[in-house]
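Worksheet: the structure to be examined is printed underneath.
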Amino acid sequence: MNNTIKKVGVLTSGGDSPGMNAAIRSVVRTCAYHNIECVGIYRGYQGMIEGDFKEMGPRSVNNIINKGGTILKSARSKEFMSAEGRKKAFEHLKKEGIDGVVVIGGDGSFTGALVFNKEFGMPVMGIPGTIDNDIFGTSHTLGYDTALNTVVECIDKIRDTASSHNRLFFVEVMGRDAGHIALNAGIGAGAEEILIPEEDLGLDRLLESLEKSRNSGKSSSIVVVAEGDKMGKSVFELKDYIEEHLPEYDIRVSVLGHMQRGGAPSCFDRVLASRLGVKAVESLMEGKSNYMVGLIQDEVTLTPLEQAIKGHYPIDTELLRVSDIMST
Ligand code: ATP
């Protein structure tokens, strides 16, 4: 490998997700393995602008593979959206001798990385870290698998109460633009109905389905609703609507919220983070830039950042069909 990279910076940006620490650990240790220096950049792009850096060696990432959140902290930086802010960031990187940056975050963070590369030629590599799994060029983003397991565990617990009291529960899960969490966790937890941003089930069909499920002798029902559900109703408005039309139902709402982002990463996310971190550093060493590392058919693959930002995977309609059959 004809490596020209001597010092790599790593940062986490945007919303945190389980597995980010495992990815930081992987980047730091891959650098150490190849005798490259590594610098942790705190608070995403804001820390870059302020020169909030810390040298990291293999022992500085001990015992973090199992921790949620990010030891480097994350931030959304308005200042980095301005050319002036980015210039300050570049000056700090130059002074520190950093000649490549690994950005762990979502599509906004990747957009920032691309703009930065275009302006200053700084080599950048992205690692997809977001629980929503809404990034093109990877079958799994870091934290998605953990979030699915968290949601399934929560719904299992809610079901205990639902079935003890013959209740209908609306459970809101994360996913403003993408229903992957709702659809997969919904099937995994045996939800009767799943409402997602990509498909408009329609209120009439929801009513019909709930009526059918009651008449078929089901003692409890769980409806999983993604935040950005296409019907455009909040989970509380849905509750009011169903209460009005099916008064025999005793309805409760549970919004899972931020607990979905936290917690120890699953084994899958830890392994994924480790693989992606190695590929990100070694790709920089090979002189590559402006790519995202991701998983496609279980192969670690590079996708141009531009495609990763613009591309879109449609929802798996076969999963919708499976969900329909399962709620018979
Ligand atoms: P999440 O999926 O959790 O929202 P994200 O990476 O998409 O993560 P954003 O808040 O959209 O999160 O972006 C993170 C940061 O990236 C922003 O705060 C900003 O500093 C930087 N960024 C986003 N878009 C741009 C842009 N067009 N130009 C420069 N920087 C940007």
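Letters A, B, ... mark the chains of the structure tokens in the order given; residue numbers begin at 1 per chain; ligand numbers begin at 1, in order shown.
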
Residues within 6 Å of ligand 1, counting only C-alpha atoms and all ligand atoms: report them as a ChimeraX atom specification.
/A:13-15,45,76-78,80-81,105-109,111-112,115,130

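Take the candidates A:Glu172, A:Lys218, A:His92, A:Leu183 and check each one against Val255 (chain A) using only C-alpha atoms; the shortest distance goes to A:Glu172.
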
For Ile24 (chain A), find every residue with an atom within 10 Å (counting only C-alpha atoms), except residues of its own chain fewer than 6 positions away, and show them as an MDAnalysis selection string.
chainID A and resid 10:12 30 40 56 61 64:65 70:72 102:104 273:274 277

Name the closest residue to Val225 (chain A) among the candidates A:Ser266, A:Asn184, A:Ser139, A:Thr150; distances are taken between atoms, counting only C-alpha atoms.
A:Asn184

Within 7 Å of region 305-309 of chain A: each region 84-200 of chain A residue with its shortest pair, only C-alpha atoms, as CSV:
residue,atom,partner,partner_atom,distance
A:Asp107,CA,A:Ile309,CA,5.3
A:Phe110,CA,A:Leu305,CA,6.6
A:Ile135,CA,A:Ala308,CA,6.1
A:Phe136,CA,A:Ala308,CA,4.6
A:Gly137,CA,A:Ala308,CA,5.6

Just want the 6 Å neighbourhood of Glu227 (chain A), counted on only C-alpha atoms, with same-chain residues fewer than 2 positions away dropped. Output as a ChimeraX atom specification.
/A:174-176,229

One decimal, in Å: what's the spacing between CA of Gly121 (chain A) and CA of Tyr42 (chain A)?
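CA of Tyr42 (chain A) lies at a distance of 21.6 Å from CA of Gly121 (chain A).
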
Would you return as a count of residues only the members of region 154-321 of chain A that DSSP assigns to strand (DSSP E) on this structure's backbone?
34
